[in-house]
Amino acid sequence: MMYRNPAILTRLALLVPLGLVTGAPAAAQEAVSVEIVPGAVSLAVGEEVTLTARVLDAEGNAVDAQVLFFPSFADGRSGSARQSIDVDRATGRIRAVKGGEFLISAIVATARNLRGEAMVSVAFPPVDRIDVTPLGGSTYVGVATRHRATLLDTAEDERDGEIRWSTSDGGVATVDRFGILTAHAPGSVVLRAEAEGISADVAYEIRENPAARLTDEILWRQKEQFSDGVGYSWIDSLKEMAEGEIGDGQLARAAARFPTNTPLTKEAYLYRSIFASHFPGEPAVRCAPEGPSIACSTPAAIAWDPAFAGMADPSGRAVQGVHAHSY
């Protein structure tokens, strides 16, 4: 016979409606939001702070869940921000490495779409110096030299900023807003780059341009183009070699053997045969630019003069009426 204590039964009857005694396990809390404390922080380069993430349910109660911390650029630019702000993913400790605005996200490991965010502002160190290249030296009247100015802060990081260029004597040399120095007359001149209260100077000695003293005989003598400059015999010998190795019949059937970029001369046929022996197949041919050419020009030059249309020669001497030794 089972003994039932009336007092104990009465207490159990009162506890069951309250949910304190039940045969089913309590429902697990569902995480609905992540809160980071502090939500915004300002740091200087080298400073550290630890962020705390709280995972909350719908009632605002804390939920036990693993959270991982990740940095990104606040302006949404792509690329990793870890070189600019060091973040311990497990603890939320962050250390400012470079200046800028960053977003720290705390993500619940078991629910990647559940996250909280905090803004971290890192003050830029002051600009410390400007590096200008090239470093100056000497140049000649009429010569333009492009310069580059790099702003560096005390952390040796490059900074963006507007560079203002100037010269000490506009009669000797001038500079435009892109840092291009143009020499006008012999003399000494200082080029200056300024930004954020910092300046850097490079000195130049402008000399008379020796090209201005060239005689008419030198200025107007026959100029050679590409391979002609090493002697006419080079091209002439190659043509003779091609004439001996490539027959008229081979050239007449060139389109059958080489349907793509068909060679038009025996010299071109010889070169194409050598190319095909090393790089057979259509894909290789299409990798090598080809087309009508006069004196190594692009195909567009053929349209410049009707006389060019019937020529297919890499030598500048092929341009009749221009070269003193044209053929």
# chains A, B, ... in the order shown; residues from 1 in each chain; ligands from 1

call {"tool": "residues_around", "arguments": {"residues": "segment 275-290 of chain A", "least_positions_apart": "3", "cutoff": "10 Å", "atoms": "only C-alpha atoms", "output": "PyMOL selection string"}}
result
chain A and resi 258-263+269-272+293+298-299

call {"tool": "residues_around", "arguments": {"residues": "Val189 of chain A", "least_positions_apart": "2", "cutoff": "8 Å", "atoms": "only C-alpha atoms", "output": "list in words"}}
result
Thr167, Ser168, Asp169, Val172, Ala173, Gly187, Leu191, Ala203, Tyr204, Glu205 and Ile206 of chain A

call {"tool": "write_last_selection", "arguments": {"atoms": "N, CA and C atoms", "output": "PDB file, in the first residue's frame"}}
result
ATOM      1  N   THR A 167      58.199  77.379 -57.601  1.00  0.00           N
ATOM      2  CA  THR A 167      59.640  77.496 -57.841  1.00  0.00           C
ATOM      3  C   THR A 167      60.116  78.849 -57.336  1.00  0.00           C
ATOM      4  N   SER A 168      61.401  78.918 -57.050  1.00  0.00           N
ATOM      5  CA  SER A 168      61.971  80.156 -56.513  1.00  0.00           C
ATOM      6  C   SER A 168      62.180  81.217 -57.582  1.00  0.00           C
ATOM      7  N   ASP A 169      62.231  80.828 -58.845  1.00  0.00           N
ATOM      8  CA  ASP A 169      62.458  81.786 -59.933  1.00  0.00           C
ATOM      9  C   ASP A 169      61.724  81.293 -61.175  1.00  0.00           C
ATOM     10  N   VAL A 172      63.569  81.076 -64.537  1.00  0.00           N
ATOM     11  CA  VAL A 172      64.479  79.958 -64.772  1.00  0.00           C
ATOM     12  C   VAL A 172      63.696  78.663 -64.998  1.00  0.00           C
ATOM     13  N   ALA A 173      62.664  78.440 -64.179  1.00  0.00           N
ATOM     14  CA  ALA A 173      61.855  77.223 -64.327  1.00  0.00           C
ATOM     15  C   ALA A 173      60.498  77.440 -63.682  1.00  0.00           C
ATOM     16  N   GLY A 187      70.447  78.759 -65.019  1.00  0.00           N
ATOM     17  CA  GLY A 187      70.463  79.362 -63.694  1.00  0.00           C
ATOM     18  C   GLY A 187      70.127  78.343 -62.621  1.00  0.00           C
ATOM     19  N   LEU A 191      62.804  73.961 -56.344  1.00  0.00           N
ATOM     20  CA  LEU A 191      61.431  73.468 -56.475  1.00  0.00           C
ATOM     21  C   LEU A 191      60.918  73.137 -55.084  1.00  0.00           C
ATOM     22  N   ALA A 203      66.795  71.221 -55.253  1.00  0.00           N
ATOM     23  CA  ALA A 203      67.494  72.257 -56.014  1.00  0.00           C
ATOM     24  C   ALA A 203      67.909  71.740 -57.387  1.00  0.00           C
ATOM     25  N   TYR A 204      67.818  72.632 -58.370  1.00  0.00           N
ATOM     26  CA  TYR A 204      68.219  72.303 -59.733  1.00  0.00           C
ATOM     27  C   TYR A 204      69.176  73.355 -60.267  1.00  0.00           C
ATOM     28  N   GLU A 205      70.093  72.891 -61.075  1.00  0.00           N
ATOM     29  CA  GLU A 205      70.953  73.770 -61.854  1.00  0.00           C
ATOM     30  C   GLU A 205      70.544  73.592 -63.312  1.00  0.00           C
ATOM     31  N   ILE A 206      70.008  74.658 -63.901  1.00  0.00           N
ATOM     32  CA  ILE A 206      69.535  74.594 -65.280  1.00  0.00           C
ATOM     33  C   ILE A 206      70.679  74.994 -66.206  1.00  0.00           C
TER      34      ILE A 206
END

call {"tool": "residues_around", "arguments": {"residues": "Glu117 of chain A", "least_positions_apart": "3", "cutoff": "8 Å", "atoms": "only C-alpha atoms", "output": "list in words"}}
result
Glu35, Ile36, Gly39, Leu103, Ile104, Ser105 and Ala106 of chain A

call {"tool": "write_last_selection", "arguments": {"atoms": "N, CA, C and O atoms", "output": "PDB file, in the first residue's frame"}}
result
ATOM      1  N   GLU A  35      24.765  43.309 -28.756  1.00  0.00           N
ATOM      2  CA  GLU A  35      25.076  44.677 -28.331  1.00  0.00           C
ATOM      3  C   GLU A  35      26.556  44.767 -27.983  1.00  0.00           C
ATOM      4  O   GLU A  35      27.080  43.934 -27.246  1.00  0.00           O
ATOM      5  N   ILE A  36      27.264  45.759 -28.555  1.00  0.00           N
ATOM      6  CA  ILE A  36      28.682  45.956 -28.252  1.00  0.00           C
ATOM      7  C   ILE A  36      28.833  47.173 -27.348  1.00  0.00           C
ATOM      8  O   ILE A  36      28.242  48.229 -27.592  1.00  0.00           O
ATOM      9  N   GLY A  39      29.745  51.359 -27.837  1.00  0.00           N
ATOM     10  CA  GLY A  39      29.307  51.323 -29.226  1.00  0.00           C
ATOM     11  C   GLY A  39      30.136  52.197 -30.136  1.00  0.00           C
ATOM     12  O   GLY A  39      30.088  52.046 -31.358  1.00  0.00           O
ATOM     13  N   LEU A 103      34.846  49.786 -38.649  1.00  0.00           N
ATOM     14  CA  LEU A 103      33.645  49.174 -38.107  1.00  0.00           C
ATOM     15  C   LEU A 103      34.038  47.817 -37.531  1.00  0.00           C
ATOM     16  O   LEU A 103      34.622  46.987 -38.234  1.00  0.00           O
ATOM     17  N   ILE A 104      33.729  47.600 -36.250  1.00  0.00           N
ATOM     18  CA  ILE A 104      34.002  46.318 -35.610  1.00  0.00           C
ATOM     19  C   ILE A 104      32.686  45.566 -35.481  1.00  0.00           C
ATOM     20  O   ILE A 104      31.736  46.066 -34.874  1.00  0.00           O
ATOM     21  N   SER A 105      32.629  44.388 -36.074  1.00  0.00           N
ATOM     22  CA  SER A 105      31.412  43.573 -36.029  1.00  0.00           C
ATOM     23  C   SER A 105      31.605  42.412 -35.062  1.00  0.00           C
ATOM     24  O   SER A 105      32.632  41.724 -35.104  1.00  0.00           O
ATOM     25  N   ALA A 106      30.609  42.209 -34.193  1.00  0.00           N
ATOM     26  CA  ALA A 106      30.585  41.053 -33.296  1.00  0.00           C
ATOM     27  C   ALA A 106      29.537  40.090 -33.834  1.00  0.00           C
ATOM     28  O   ALA A 106      28.348  40.416 -33.887  1.00  0.00           O
TER      29      ALA A 106
END

call {"tool": "atom_distance", "arguments": {"atom1": "atom CA of Ala123 of chain A", "atom2": "atom CA of Val97 of chain A"}}
result
10.3 Å

call {"tool": "closest_residue", "arguments": {"among": "A:His147, A:Lys98, A:Arg257, A:Lys266", "to": "Ser84 of chain A", "atoms": "only C-alpha atoms"}}
result
A:Lys98

call {"tool": "residues_around", "arguments": {"residues": "Pro126 of chain A", "least_positions_apart": "2", "cutoff": "10 Å", "atoms": "only C-alpha atoms", "output": "PDB file with C-alpha atoms, in the first residue's frame"}}
result
ATOM      1  CA  ALA A 123      43.160  59.787 -35.194  1.00  0.00           C
ATOM      2  CA  PHE A 124      45.754  60.222 -37.921  1.00  0.00           C
ATOM      3  CA  ASP A 128      55.933  64.742 -40.406  1.00  0.00           C
ATOM      4  CA  ARG A 129      57.609  65.237 -43.779  1.00  0.00           C
ATOM      5  CA  LEU A 152      54.386  60.785 -44.524  1.00  0.00           C
ATOM      6  CA  ASP A 153      53.126  61.011 -40.951  1.00  0.00           C
ATOM      7  CA  THR A 154      55.049  60.280 -37.766  1.00  0.00           C
ATOM      8  CA  ALA A 155      54.095  56.599 -38.089  1.00  0.00           C
ATOM      9  CA  ARG A 159      48.798  60.263 -46.214  1.00  0.00           C
ATOM     10  CA  GLU A 196      49.657  70.819 -44.184  1.00  0.00           C
TER      11      GLU A 196
END

call {"tool": "residues_around", "arguments": {"residues": "Ser121 of chain A", "least_positions_apart": "6", "cutoff": "10 Å", "atoms": "only C-alpha atoms", "output": "JSON, numbers by chain"}}
result
{"A": [40, 41, 42, 43, 44, 74, 96, 99, 100, 101, 102, 103]}

call {"tool": "residues_around", "arguments": {"residues": "Thr174 of chain A", "least_positions_apart": "2", "cutoff": "12 Å", "atoms": "only C-alpha atoms", "output": "PyMOL selection string"}}
result
chain A and resi 141-146+165-172+176-185+189-192+204+206

call {"tool": "write_last_selection", "arguments": {"atoms": "N, CA and C atoms", "output": "compact mmCIF listing (two decimals), in the first residue's frame"}}
result
# COMPACT_ATOMS: atom_id res chain seq x y z
N VAL A 141 67.69 73.42 -70.46
CA VAL A 141 66.63 74.31 -70.94
C VAL A 141 65.74 73.56 -71.92
N GLY A 142 64.43 73.69 -71.71
CA GLY A 142 63.46 73.04 -72.58
C GLY A 142 63.03 71.67 -72.10
N VAL A 143 63.70 71.13 -71.09
CA VAL A 143 63.37 69.79 -70.60
C VAL A 143 62.32 69.89 -69.49
N ALA A 144 61.32 69.00 -69.54
CA ALA A 144 60.28 68.93 -68.50
C ALA A 144 60.50 67.68 -67.67
N THR A 145 60.46 67.83 -66.35
CA THR A 145 60.71 66.71 -65.43
C THR A 145 59.53 66.56 -64.48
N ARG A 146 58.96 65.37 -64.44
CA ARG A 146 57.83 65.11 -63.55
C ARG A 146 58.34 64.73 -62.16
N TRP A 165 52.75 73.20 -55.47
CA TRP A 165 54.09 73.28 -56.05
C TRP A 165 54.45 74.72 -56.38
N SER A 166 55.73 75.05 -56.27
CA SER A 166 56.20 76.39 -56.64
C SER A 166 57.69 76.33 -56.93
N THR A 167 58.20 77.38 -57.60
CA THR A 167 59.64 77.50 -57.84
C THR A 167 60.12 78.85 -57.34
N SER A 168 61.40 78.92 -57.05
CA SER A 168 61.97 80.16 -56.51
C SER A 168 62.18 81.22 -57.58
N ASP A 169 62.23 80.83 -58.85
CA ASP A 169 62.46 81.79 -59.93
C ASP A 169 61.72 81.29 -61.18
N GLY A 170 60.57 81.92 -61.46
CA GLY A 170 59.78 81.52 -62.60
C GLY A 170 60.45 81.79 -63.93
N GLY A 171 61.45 82.68 -63.94
CA GLY A 171 62.17 82.93 -65.18
C GLY A 171 63.11 81.80 -65.55
N VAL A 172 63.57 81.08 -64.54
CA VAL A 172 64.48 79.96 -64.77
C VAL A 172 63.70 78.66 -65.00
N ASP A 176 53.93 73.02 -62.78
CA ASP A 176 52.47 73.01 -62.80
C ASP A 176 51.93 72.27 -61.58
N ARG A 177 50.62 72.14 -61.50
CA ARG A 177 50.00 71.53 -60.32
C ARG A 177 50.24 70.04 -60.22
N PHE A 178 50.78 69.44 -61.28
CA PHE A 178 51.09 68.02 -61.25
C PHE A 178 52.55 67.75 -60.88
N GLY A 179 53.31 68.81 -60.60
CA GLY A 179 54.70 68.63 -60.22
C GLY A 179 55.64 68.51 -61.40
N ILE A 180 55.22 68.94 -62.59
CA ILE A 180 56.08 68.88 -63.77
C ILE A 180 56.86 70.19 -63.87
N LEU A 181 58.17 70.09 -63.70
CA LEU A 181 59.06 71.24 -63.75
C LEU A 181 59.55 71.43 -65.18
N THR A 182 59.40 72.65 -65.72
CA THR A 182 59.87 72.96 -67.07
C THR A 182 60.95 74.02 -66.98
N ALA A 183 62.13 73.70 -67.51
CA ALA A 183 63.27 74.62 -67.46
C ALA A 183 63.20 75.60 -68.63
N HIS A 184 63.40 76.91 -68.32
CA HIS A 184 63.28 77.95 -69.35
C HIS A 184 64.60 78.65 -69.66
N ALA A 185 65.47 78.79 -68.67
CA ALA A 185 66.71 79.54 -68.88
C ALA A 185 67.79 79.02 -67.94
N VAL A 189 67.60 77.14 -59.45
CA VAL A 189 66.20 77.26 -59.05
C VAL A 189 65.90 76.19 -58.00
N VAL A 190 64.98 76.53 -57.10
CA VAL A 190 64.55 75.60 -56.06
C VAL A 190 63.08 75.25 -56.30
N LEU A 191 62.80 73.96 -56.34
CA LEU A 191 61.43 73.47 -56.48
C LEU A 191 60.92 73.14 -55.08
N ARG A 192 59.72 73.63 -54.75
CA ARG A 192 59.16 73.41 -53.41
C ARG A 192 57.80 72.71 -53.50
N TYR A 204 67.82 72.63 -58.37
CA TYR A 204 68.22 72.30 -59.73
C TYR A 204 69.18 73.36 -60.27
N ILE A 206 70.01 74.66 -63.90
CA ILE A 206 69.53 74.59 -65.28
C ILE A 206 70.68 74.99 -66.21

call {"tool": "atom_distance", "arguments": {"atom1": "atom CA of Ala303 of chain A", "atom2": "atom CA of Arg317 of chain A"}}
result
18.3 Å
